[in-house]
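Engineer: Have a peek at run-v3.pdb (PDB, N, CA and C atoms, pLDDT in the B column).
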```pdb
MODEL        1
ATOM      1  N   MET U   1      74.285 143.703 102.013  1.00 72.00           N
ATOM      2  CA  MET U   1      74.522 142.550 101.170  1.00 72.00           C
ATOM      3  C   MET U   1      74.361 141.296 102.023  1.00 72.00           C
ATOM      4  N   ASN U   2      73.513 140.399 101.591  1.00 84.00           N
ATOM      5  CA  ASN U   2      73.293 139.188 102.370  1.00 84.00           C
ATOM      6  C   ASN U   2      74.255 138.082 101.964  1.00 84.00           C
ATOM      7  N   SER U   3      74.212 136.977 102.693  1.00 80.00           N
ATOM      8  CA  SER U   3      75.164 135.898 102.450  1.00 80.00           C
ATOM      9  C   SER U   3      74.933 135.222 101.103  1.00 80.00           C
ATOM     10  N   PHE U   4      73.673 135.233 100.618  1.00 80.00           N
ATOM     11  CA  PHE U   4      73.389 134.627  99.318  1.00 80.00           C
ATOM     12  C   PHE U   4      74.118 135.377  98.204  1.00 80.00           C
ATOM     13  N   GLU U   5      74.101 136.705  98.253  1.00 88.00           N
ATOM     14  CA  GLU U   5      74.799 137.509  97.243  1.00 88.00           C
ATOM     15  C   GLU U   5      76.307 137.330  97.354  1.00 88.00           C
ATOM     16  N   THR U   6      76.809 137.231  98.572  1.00 91.00           N
ATOM     17  CA  THR U   6      78.244 137.050  98.778  1.00 91.00           C
ATOM     18  C   THR U   6      78.703 135.708  98.215  1.00 91.00           C
ATOM     19  N   LYS U   7      77.932 134.656  98.474  1.00 94.00           N
ATOM     20  CA  LYS U   7      78.279 133.338  97.928  1.00 94.00           C
ATOM     21  C   LYS U   7      78.244 133.366  96.412  1.00 94.00           C
ATOM     22  N   GLY U   8      77.245 134.041  95.850  1.00 93.00           N
ATOM     23  CA  GLY U   8      77.155 134.142  94.396  1.00 93.00           C
ATOM     24  C   GLY U   8      78.363 134.821  93.802  1.00 93.00           C
ATOM     25  N   GLN U   9      78.820 135.881  94.445  1.00 95.00           N
ATOM     26  CA  GLN U   9      80.010 136.580  93.961  1.00 95.00           C
ATOM     27  C   GLN U   9      81.240 135.700  94.068  1.00 95.00           C
ATOM     28  N   ARG U  10      81.327 134.914  95.131  1.00 95.00           N
ATOM     29  CA  ARG U  10      82.480 134.020  95.289  1.00 95.00           C
ATOM     30  C   ARG U  10      82.460 132.919  94.240  1.00 95.00           C
ATOM     31  N   PHE U  11      81.278 132.398  93.917  1.00 96.00           N
ATOM     32  CA  PHE U  11      81.190 131.381  92.869  1.00 96.00           C
ATOM     33  C   PHE U  11      81.551 131.957  91.501  1.00 96.00           C
ATOM     34  N   VAL U  12      81.153 133.177  91.238  1.00 97.00           N
ATOM     35  CA  VAL U  12      81.536 133.823  89.974  1.00 97.00           C
ATOM     36  C   VAL U  12      83.053 134.003  89.918  1.00 97.00           C
ATOM     37  N   ALA U  13      83.653 134.408  91.032  1.00 97.00           N
ATOM     38  CA  ALA U  13      85.107 134.558  91.077  1.00 97.00           C
ATOM     39  C   ALA U  13      85.804 133.214  90.867  1.00 97.00           C
ATOM     40  N   LEU U  14      85.263 132.136  91.435  1.00 98.00           N
ATOM     41  CA  LEU U  14      85.843 130.812  91.220  1.00 98.00           C
ATOM     42  C   LEU U  14      85.690 130.361  89.770  1.00 98.00           C
ATOM     43  N   CYS U  15      84.588 130.703  89.151  1.00 97.00           N
ATOM     44  CA  CYS U  15      84.394 130.380  87.736  1.00 97.00           C
ATOM     45  C   CYS U  15      85.432 131.106  86.881  1.00 97.00           C
ATOM     46  N   MET U  16      85.656 132.370  87.193  1.00 98.00           N
ATOM     47  CA  MET U  16      86.661 133.127  86.441  1.00 98.00           C
ATOM     48  C   MET U  16      88.061 132.571  86.690  1.00 98.00           C
ATOM     49  N   LEU U  17      88.343 132.136  87.916  1.00 98.00           N
ATOM     50  CA  LEU U  17      89.629 131.501  88.208  1.00 98.00           C
ATOM     51  C   LEU U  17      89.781 130.219  87.410  1.00 98.00           C
ATOM     52  N   GLY U  18      88.710 129.434  87.323  1.00 98.00           N
ATOM     53  CA  GLY U  18      88.751 128.209  86.534  1.00 98.00           C
ATOM     54  C   GLY U  18      89.004 128.480  85.058  1.00 98.00           C
ATOM     55  N   MET U  19      88.354 129.515  84.526  1.00 98.00           N
ATOM     56  CA  MET U  19      88.596 129.865  83.123  1.00 98.00           C
ATOM     57  C   MET U  19      90.042 130.299  82.916  1.00 98.00           C
ATOM     58  N   LEU U  20      90.606 130.988  83.876  1.00 97.00           N
ATOM     59  CA  LEU U  20      92.002 131.402  83.783  1.00 97.00           C
ATOM     60  C   LEU U  20      92.933 130.197  83.861  1.00 97.00           C
ATOM     61  N   LEU U  21      92.685 129.295  84.805  1.00 97.00           N
ATOM     62  CA  LEU U  21      93.573 128.147  84.995  1.00 97.00           C
ATOM     63  C   LEU U  21      93.557 127.195  83.809  1.00 97.00           C
ATOM     64  N   PHE U  22      92.430 127.085  83.110  1.00 98.00           N
ATOM     65  CA  PHE U  22      92.316 126.139  82.004  1.00 98.00           C
ATOM     66  C   PHE U  22      92.349 126.826  80.644  1.00 98.00           C
ATOM     67  N   ASN U  23      92.914 128.025  80.590  1.00 97.00           N
ATOM     68  CA  ASN U  23      93.023 128.768  79.343  1.00 97.00           C
ATOM     69  C   ASN U  23      94.356 128.450  78.665  1.00 97.00           C
ATOM     70  N   PHE U  24      94.448 128.731  77.393  1.00 96.00           N
ATOM     71  CA  PHE U  24      95.603 128.359  76.580  1.00 96.00           C
ATOM     72  C   PHE U  24      96.956 128.832  77.122  1.00 96.00           C
ATOM     73  N   PRO U  25      97.162 130.102  77.447  1.00 95.00           N
ATOM     74  CA  PRO U  25      98.522 130.495  77.852  1.00 95.00           C
ATOM     75  C   PRO U  25      99.016 129.787  79.117  1.00 95.00           C
ATOM     76  N   ILE U  26      98.128 129.528  80.057  1.00 97.00           N
ATOM     77  CA  ILE U  26      98.539 128.856  81.285  1.00 97.00           C
ATOM     78  C   ILE U  26      98.832 127.382  81.017  1.00 97.00           C
ATOM     79  N   LEU U  27      98.020 126.752  80.185  1.00 97.00           N
ATOM     80  CA  LEU U  27      98.244 125.340  79.880  1.00 97.00           C
ATOM     81  C   LEU U  27      99.567 125.112  79.164  1.00 97.00           C
ATOM     82  N   THR U  28      99.995 126.065  78.353  1.00 97.00           N
ATOM     83  CA  THR U  28     101.260 125.881  77.648  1.00 97.00           C
ATOM     84  C   THR U  28     102.457 125.932  78.604  1.00 97.00           C
ATOM     85  N   LEU U  29     102.300 126.571  79.752  1.00 97.00           N
ATOM     86  CA  LEU U  29     103.383 126.584  80.738  1.00 97.00           C
ATOM     87  C   LEU U  29     103.668 125.183  81.273  1.00 97.00           C
ATOM     88  N   PHE U  30     102.640 124.343  81.323  1.00 97.00           N
ATOM     89  CA  PHE U  30     102.792 123.005  81.873  1.00 97.00           C
ATOM     90  C   PHE U  30     102.929 121.928  80.808  1.00 97.00           C
ATOM     91  N   ASN U  31     102.905 122.309  79.545  1.00 97.00           N
ATOM     92  CA  ASN U  31     103.071 121.354  78.457  1.00 97.00           C
ATOM     93  C   ASN U  31     104.560 121.182  78.158  1.00 97.00           C
ATOM     94  N   VAL U  32     105.241 120.560  79.085  1.00 97.00           N
ATOM     95  CA  VAL U  32     106.693 120.349  78.975  1.00 97.00           C
ATOM     96  C   VAL U  32     106.965 118.854  79.073  1.00 97.00           C
ATOM     97  N   PRO U  33     108.083 118.427  78.501  1.00 97.00           N
ATOM     98  CA  PRO U  33     108.432 117.012  78.674  1.00 97.00           C
ATOM     99  C   PRO U  33     108.827 116.753  80.124  1.00 97.00           C
ATOM    100  N   GLY U  34     108.460 115.628  80.598  1.00 97.00           N
ATOM    101  CA  GLY U  34     108.778 115.268  81.966  1.00 97.00           C
ATOM    102  C   GLY U  34     107.576 114.637  82.629  1.00 97.00           C
ATOM    103  N   ALA U  35     107.806 114.177  83.852  1.00 97.00           N
ATOM    104  CA  ALA U  35     106.741 113.497  84.569  1.00 97.00           C
ATOM    105  C   ALA U  35     106.820 113.841  86.048  1.00 97.00           C
ATOM    106  N   LEU U  36     105.667 113.808  86.665  1.00 94.00           N
ATOM    107  CA  LEU U  36     105.540 114.028  88.099  1.00 94.00           C
ATOM    108  C   LEU U  36     104.923 112.755  88.672  1.00 94.00           C
ATOM    109  N   PHE U  37     105.714 111.971  89.385  1.00 94.00           N
ATOM    110  CA  PHE U  37     105.296 110.661  89.899  1.00 94.00           C
ATOM    111  C   PHE U  37     104.840 109.744  88.773  1.00 94.00           C
ATOM    112  N   GLY U  38     105.493 109.827  87.633  1.00 96.00           N
ATOM    113  CA  GLY U  38     105.175 108.966  86.503  1.00 96.00           C
ATOM    114  C   GLY U  38     104.030 109.454  85.627  1.00 96.00           C
ATOM    115  N   VAL U  39     103.453 110.584  85.956  1.00 97.00           N
ATOM    116  CA  VAL U  39     102.340 111.141  85.177  1.00 97.00           C
ATOM    117  C   VAL U  39     102.853 112.394  84.477  1.00 97.00           C
ATOM    118  N   PRO U  40     102.533 112.584  83.199  1.00 98.00           N
ATOM    119  CA  PRO U  40     102.987 113.798  82.516  1.00 98.00           C
ATOM    120  C   PRO U  40     102.587 115.066  83.275  1.00 98.00           C
ATOM    121  N   VAL U  41     103.431 116.090  83.186  1.00 97.00           N
ATOM    122  CA  VAL U  41     103.242 117.315  83.958  1.00 97.00           C
ATOM    123  C   VAL U  41     101.910 117.981  83.631  1.00 97.00           C
ATOM    124  N   LEU U  42     101.541 118.026  82.370  1.00 97.00           N
ATOM    125  CA  LEU U  42     100.279 118.668  81.985  1.00 97.00           C
ATOM    126  C   LEU U  42      99.085 117.967  82.618  1.00 97.00           C
ATOM    127  N   TYR U  43      99.069 116.643  82.590  1.00 97.00           N
ATOM    128  CA  TYR U  43      97.973 115.896  83.196  1.00 97.00           C
ATOM    129  C   TYR U  43      97.940 116.106  84.700  1.00 97.00           C
ATOM    130  N   SER U  44      99.097 116.134  85.325  1.00 98.00           N
ATOM    131  CA  SER U  44      99.162 116.390  86.765  1.00 98.00           C
ATOM    132  C   SER U  44      98.581 117.752  87.092  1.00 98.00           C
ATOM    133  N   TYR U  45      98.966 118.760  86.311  1.00 98.00           N
ATOM    134  CA  TYR U  45      98.440 120.109  86.537  1.00 98.00           C
ATOM    135  C   TYR U  45      96.925 120.143  86.390  1.00 98.00           C
ATOM    136  N   LEU U  46      96.406 119.498  85.344  1.00 98.00           N
ATOM    137  CA  LEU U  46      94.964 119.512  85.112  1.00 98.00           C
ATOM    138  C   LEU U  46      94.205 118.898  86.288  1.00 98.00           C
ATOM    139  N   PHE U  47      94.654 117.758  86.769  1.00 97.00           N
ATOM    140  CA  PHE U  47      93.946 117.100  87.859  1.00 97.00           C
ATOM    141  C   PHE U  47      94.107 117.844  89.176  1.00 97.00           C
ATOM    142  N   ILE U  48      95.274 118.421  89.434  1.00 98.00           N
ATOM    143  CA  ILE U  48      95.476 119.182  90.669  1.00 98.00           C
ATOM    144  C   ILE U  48      94.634 120.460  90.654  1.00 98.00           C
ATOM    145  N   ALA U  49      94.636 121.186  89.534  1.00 98.00           N
ATOM    146  CA  ALA U  49      93.839 122.412  89.438  1.00 98.00           C
ATOM    147  C   ALA U  49      92.348 122.103  89.521  1.00 98.00           C
ATOM    148  N   TRP U  50      91.922 121.028  88.880  1.00 98.00           N
ATOM    149  CA  TRP U  50      90.528 120.623  88.906  1.00 98.00           C
ATOM    150  C   TRP U  50      90.103 120.275  90.334  1.00 98.00           C
ATOM    151  N   GLY U  51      90.932 119.499  91.018  1.00 98.00           N
ATOM    152  CA  GLY U  51      90.635 119.131  92.399  1.00 98.00           C
ATOM    153  C   GLY U  51      90.617 120.334  93.328  1.00 98.00           C
ATOM    154  N   ALA U  52      91.534 121.276  93.107  1.00 98.00           N
ATOM    155  CA  ALA U  52      91.569 122.486  93.938  1.00 98.00           C
ATOM    156  C   ALA U  52      90.309 123.321  93.723  1.00 98.00           C
ATOM    157  N   LEU U  53      89.843 123.430  92.491  1.00 98.00           N
ATOM    158  CA  LEU U  53      88.607 124.176  92.230  1.00 98.00           C
ATOM    159  C   LEU U  53      87.407 123.511  92.895  1.00 98.00           C
ATOM    160  N   ILE U  54      87.341 122.199  92.843  1.00 98.00           N
ATOM    161  CA  ILE U  54      86.238 121.496  93.490  1.00 98.00           C
ATOM    162  C   ILE U  54      86.289 121.706  94.997  1.00 98.00           C
ATOM    163  N   ALA U  55      87.478 121.644  95.576  1.00 98.00           N
ATOM    164  CA  ALA U  55      87.623 121.853  97.014  1.00 98.00           C
ATOM    165  C   ALA U  55      87.222 123.280  97.401  1.00 98.00           C
ATOM    166  N   LEU U  56      87.636 124.258  96.603  1.00 98.00           N
ATOM    167  CA  LEU U  56      87.265 125.643  96.892  1.00 98.00           C
ATOM    168  C   LEU U  56      85.757 125.861  96.756  1.00 98.00           C
ATOM    169  N   MET U  57      85.144 125.238  95.765  1.00 97.00           N
ATOM    170  CA  MET U  57      83.693 125.364  95.610  1.00 97.00           C
ATOM    171  C   MET U  57      82.962 124.724  96.781  1.00 97.00           C
ATOM    172  N   ALA U  58      83.447 123.591  97.251  1.00 97.00           N
ATOM    173  CA  ALA U  58      82.828 122.948  98.414  1.00 97.00           C
ATOM    174  C   ALA U  58      82.987 123.837  99.643  1.00 97.00           C
ATOM    175  N   PHE U  59      84.143 124.438  99.792  1.00 97.00           N
ATOM    176  CA  PHE U  59      84.369 125.327 100.934  1.00 97.00           C
ATOM    177  C   PHE U  59      83.421 126.529 100.899  1.00 97.00           C
ATOM    178  N   VAL U  60      83.258 127.123  99.722  1.00 95.00           N
ATOM    179  CA  VAL U  60      82.360 128.279  99.589  1.00 95.00           C
ATOM    180  C   VAL U  60      80.916 127.842  99.816  1.00 95.00           C
ATOM    181  N   ALA U  61      80.532 126.694  99.291  1.00 94.00           N
ATOM    182  CA  ALA U  61      79.150 126.226  99.443  1.00 94.00           C
ATOM    183  C   ALA U  61      78.807 125.925 100.898  1.00 94.00           C
ATOM    184  N   GLU U  62      79.768 125.426 101.646  1.00 94.00           N
ATOM    185  CA  GLU U  62      79.502 125.046 103.022  1.00 94.00           C
ATOM    186  C   GLU U  62      79.748 126.167 104.028  1.00 94.00           C
ATOM    187  N   SER U  63      80.340 127.273 103.594  1.00 89.00           N
ATOM    188  CA  SER U  63      80.608 128.371 104.534  1.00 89.00           C
ATOM    189  C   SER U  63      79.294 129.031 104.956  1.00 89.00           C
ATOM    190  N   ARG U  64      79.317 129.631 106.101  1.00 79.00           N
ATOM    191  CA  ARG U  64      78.106 130.229 106.664  1.00 79.00           C
ATOM    192  C   ARG U  64      78.079 131.751 106.506  1.00 79.00           C
ATOM    193  N   GLY U  65      78.737 132.261 105.500  1.00 60.00           N
ATOM    194  CA  GLY U  65      78.659 133.690 105.227  1.00 60.00           C
ATOM    195  C   GLY U  65      79.763 134.442 105.853  1.00 60.00           C
TER     196      GLY U  65
ENDMDL
END
```
Starting from the file, lay out its structure as structure tokens.
Structural biologist:
Amino acid sequence: MNSFETKGQRFVALCMLGMLLFNFPILTLFNVPGALFGVPVLYSYLFIAWGALIALMAFVAESRG
């Protein structure tokens, strides 16, 4: 298995993680009243999860196999 196939598998796994993180049952866990640094909890979760996925994708894209 070469590094191209390994990266492809990692990107597919990250896509599946993203679908899990932004799916209905998980989002309802964070749909609570309250705020985190003045921002609603759900919005905070969305931006943190989104940023983490982008960071993980950049890490996988830049890794050397």
Engineer: Pull the alpha helix (DSSP H) assignments for chain U out of DSSP run on the backbone, and list those residues as a short mmCIF file (atom, residue, chain, number, x, y, z; two decimals) with N, CA and C atoms, in the coordinates of the input.
Structural biologist:
```
data_model
loop_
_atom_site.label_atom_id
_atom_site.label_comp_id
_atom_site.auth_asym_id
_atom_site.auth_seq_id
_atom_site.Cartn_x
_atom_site.Cartn_y
_atom_site.Cartn_z
N SER U 3 74.21 136.98 102.69
CA SER U 3 75.16 135.90 102.45
C SER U 3 74.93 135.22 101.10
N PHE U 4 73.67 135.23 100.62
CA PHE U 4 73.39 134.63 99.32
C PHE U 4 74.12 135.38 98.20
N GLU U 5 74.10 136.71 98.25
CA GLU U 5 74.80 137.51 97.24
C GLU U 5 76.31 137.33 97.35
N THR U 6 76.81 137.23 98.57
CA THR U 6 78.24 137.05 98.78
C THR U 6 78.70 135.71 98.22
N LYS U 7 77.93 134.66 98.47
CA LYS U 7 78.28 133.34 97.93
C LYS U 7 78.24 133.37 96.41
N GLY U 8 77.24 134.04 95.85
CA GLY U 8 77.16 134.14 94.40
C GLY U 8 78.36 134.82 93.80
N GLN U 9 78.82 135.88 94.44
CA GLN U 9 80.01 136.58 93.96
C GLN U 9 81.24 135.70 94.07
N ARG U 10 81.33 134.91 95.13
CA ARG U 10 82.48 134.02 95.29
C ARG U 10 82.46 132.92 94.24
N PHE U 11 81.28 132.40 93.92
CA PHE U 11 81.19 131.38 92.87
C PHE U 11 81.55 131.96 91.50
N VAL U 12 81.15 133.18 91.24
CA VAL U 12 81.54 133.82 89.97
C VAL U 12 83.05 134.00 89.92
N ALA U 13 83.65 134.41 91.03
CA ALA U 13 85.11 134.56 91.08
C ALA U 13 85.80 133.21 90.87
N LEU U 14 85.26 132.14 91.44
CA LEU U 14 85.84 130.81 91.22
C LEU U 14 85.69 130.36 89.77
N CYS U 15 84.59 130.70 89.15
CA CYS U 15 84.39 130.38 87.74
C CYS U 15 85.43 131.11 86.88
N MET U 16 85.66 132.37 87.19
CA MET U 16 86.66 133.13 86.44
C MET U 16 88.06 132.57 86.69
N LEU U 17 88.34 132.14 87.92
CA LEU U 17 89.63 131.50 88.21
C LEU U 17 89.78 130.22 87.41
N GLY U 18 88.71 129.43 87.32
CA GLY U 18 88.75 128.21 86.53
C GLY U 18 89.00 128.48 85.06
N MET U 19 88.35 129.51 84.53
CA MET U 19 88.60 129.86 83.12
C MET U 19 90.04 130.30 82.92
N LEU U 20 90.61 130.99 83.88
CA LEU U 20 92.00 131.40 83.78
C LEU U 20 92.93 130.20 83.86
N LEU U 21 92.68 129.29 84.80
CA LEU U 21 93.57 128.15 85.00
C LEU U 21 93.56 127.20 83.81
N PHE U 24 94.45 128.73 77.39
CA PHE U 24 95.60 128.36 76.58
C PHE U 24 96.96 128.83 77.12
N PRO U 25 97.16 130.10 77.45
CA PRO U 25 98.52 130.50 77.85
C PRO U 25 99.02 129.79 79.12
N ILE U 26 98.13 129.53 80.06
CA ILE U 26 98.54 128.86 81.28
C ILE U 26 98.83 127.38 81.02
N LEU U 27 98.02 126.75 80.18
CA LEU U 27 98.24 125.34 79.88
C LEU U 27 99.57 125.11 79.16
N THR U 28 100.00 126.06 78.35
CA THR U 28 101.26 125.88 77.65
C THR U 28 102.46 125.93 78.60
N LEU U 29 102.30 126.57 79.75
CA LEU U 29 103.38 126.58 80.74
C LEU U 29 103.67 125.18 81.27
N VAL U 41 103.43 116.09 83.19
CA VAL U 41 103.24 117.32 83.96
C VAL U 41 101.91 117.98 83.63
N LEU U 42 101.54 118.03 82.37
CA LEU U 42 100.28 118.67 81.98
C LEU U 42 99.08 117.97 82.62
N TYR U 43 99.07 116.64 82.59
CA TYR U 43 97.97 115.90 83.20
C TYR U 43 97.94 116.11 84.70
N SER U 44 99.10 116.13 85.32
CA SER U 44 99.16 116.39 86.76
C SER U 44 98.58 117.75 87.09
N TYR U 45 98.97 118.76 86.31
CA TYR U 45 98.44 120.11 86.54
C TYR U 45 96.92 120.14 86.39
N LEU U 46 96.41 119.50 85.34
CA LEU U 46 94.96 119.51 85.11
C LEU U 46 94.20 118.90 86.29
N PHE U 47 94.65 117.76 86.77
CA PHE U 47 93.95 117.10 87.86
C PHE U 47 94.11 117.84 89.18
N ILE U 48 95.27 118.42 89.43
CA ILE U 48 95.48 119.18 90.67
C ILE U 48 94.63 120.46 90.65
N ALA U 49 94.64 121.19 89.53
CA ALA U 49 93.84 122.41 89.44
C ALA U 49 92.35 122.10 89.52
N TRP U 50 91.92 121.03 88.88
CA TRP U 50 90.53 120.62 88.91
C TRP U 50 90.10 120.28 90.33
N GLY U 51 90.93 119.50 91.02
CA GLY U 51 90.64 119.13 92.40
C GLY U 51 90.62 120.33 93.33
N ALA U 52 91.53 121.28 93.11
CA ALA U 52 91.57 122.49 93.94
C ALA U 52 90.31 123.32 93.72
N LEU U 53 89.84 123.43 92.49
CA LEU U 53 88.61 124.18 92.23
C LEU U 53 87.41 123.51 92.90
N ILE U 54 87.34 122.20 92.84
CA ILE U 54 86.24 121.50 93.49
C ILE U 54 86.29 121.71 95.00
N ALA U 55 87.48 121.64 95.58
CA ALA U 55 87.62 121.85 97.01
C ALA U 55 87.22 123.28 97.40
N LEU U 56 87.64 124.26 96.60
CA LEU U 56 87.26 125.64 96.89
C LEU U 56 85.76 125.86 96.76
N MET U 57 85.14 125.24 95.76
CA MET U 57 83.69 125.36 95.61
C MET U 57 82.96 124.72 96.78
N ALA U 58 83.45 123.59 97.25
CA ALA U 58 82.83 122.95 98.41
C ALA U 58 82.99 123.84 99.64
N PHE U 59 84.14 124.44 99.79
CA PHE U 59 84.37 125.33 100.93
C PHE U 59 83.42 126.53 100.90
N VAL U 60 83.26 127.12 99.72
CA VAL U 60 82.36 128.28 99.59
C VAL U 60 80.92 127.84 99.82
N ALA U 61 80.53 126.69 99.29
CA ALA U 61 79.15 126.23 99.44
C ALA U 61 78.81 125.92 100.90
N GLU U 62 79.77 125.43 101.65
CA GLU U 62 79.50 125.05 103.02
C GLU U 62 79.75 126.17 104.03
#
```
Engineer: I'd like the interatomic distance between atom N of Val32 of chain U and atom CA of Ser44 of chain U, to a tenth of an Å.
Structural biologist: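 Atom CA of Ser44 of chain U lies 10.6 Å from atom N of Val32 of chain U.
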Engineer: Could you give me, as a PyMOL selection string, the residues that have an atom at most 12 Å away from the point (78.7, 135.4, 99.4) in the coordinates of the file, using only C-alpha atoms?
Structural biologist: chain U and resi 1-14+57+59-65
Engineer: Run through the PyMOL selection byres (((chain U and resi 50-52 and name CA) around 12) and name CA) on the given coordinates and return the selected residues as a list in words.
Structural biologist: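 After applying the PyMOL selection byres (((chain U and resi 50-52 and name CA) around 12) and name CA), what remains is Leu14, Cys15, Leu17, Gly18, Met19, Leu21, Phe22, Tyr43, Ser44, Tyr45, Leu46, Phe47, Ile48, Ala49, Leu53, Ile54, Ala55, Leu56, Met57, Ala58 and Phe59 of chain U.
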Engineer: Between atom CA of Leu42 of chain U and atom N of Phe24 of chain U, what is the spacing in Å?
Structural biologist: 12.5 Å
Engineer: So how far away is atom C of Leu27 of chain U from atom N of Pro40 of chain U, in Å?
Structural biologist: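 It comes out at 13.5 Å.
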Engineer: DSSP on the backbone: which residues in chain U end up as strand (DSSP E)? Give the answer as a list in words.
Structural biologist: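 Taking chain U and keeping strand (DSSP E) gives Ala35, Leu36, Val39 and Pro40 of chain U.
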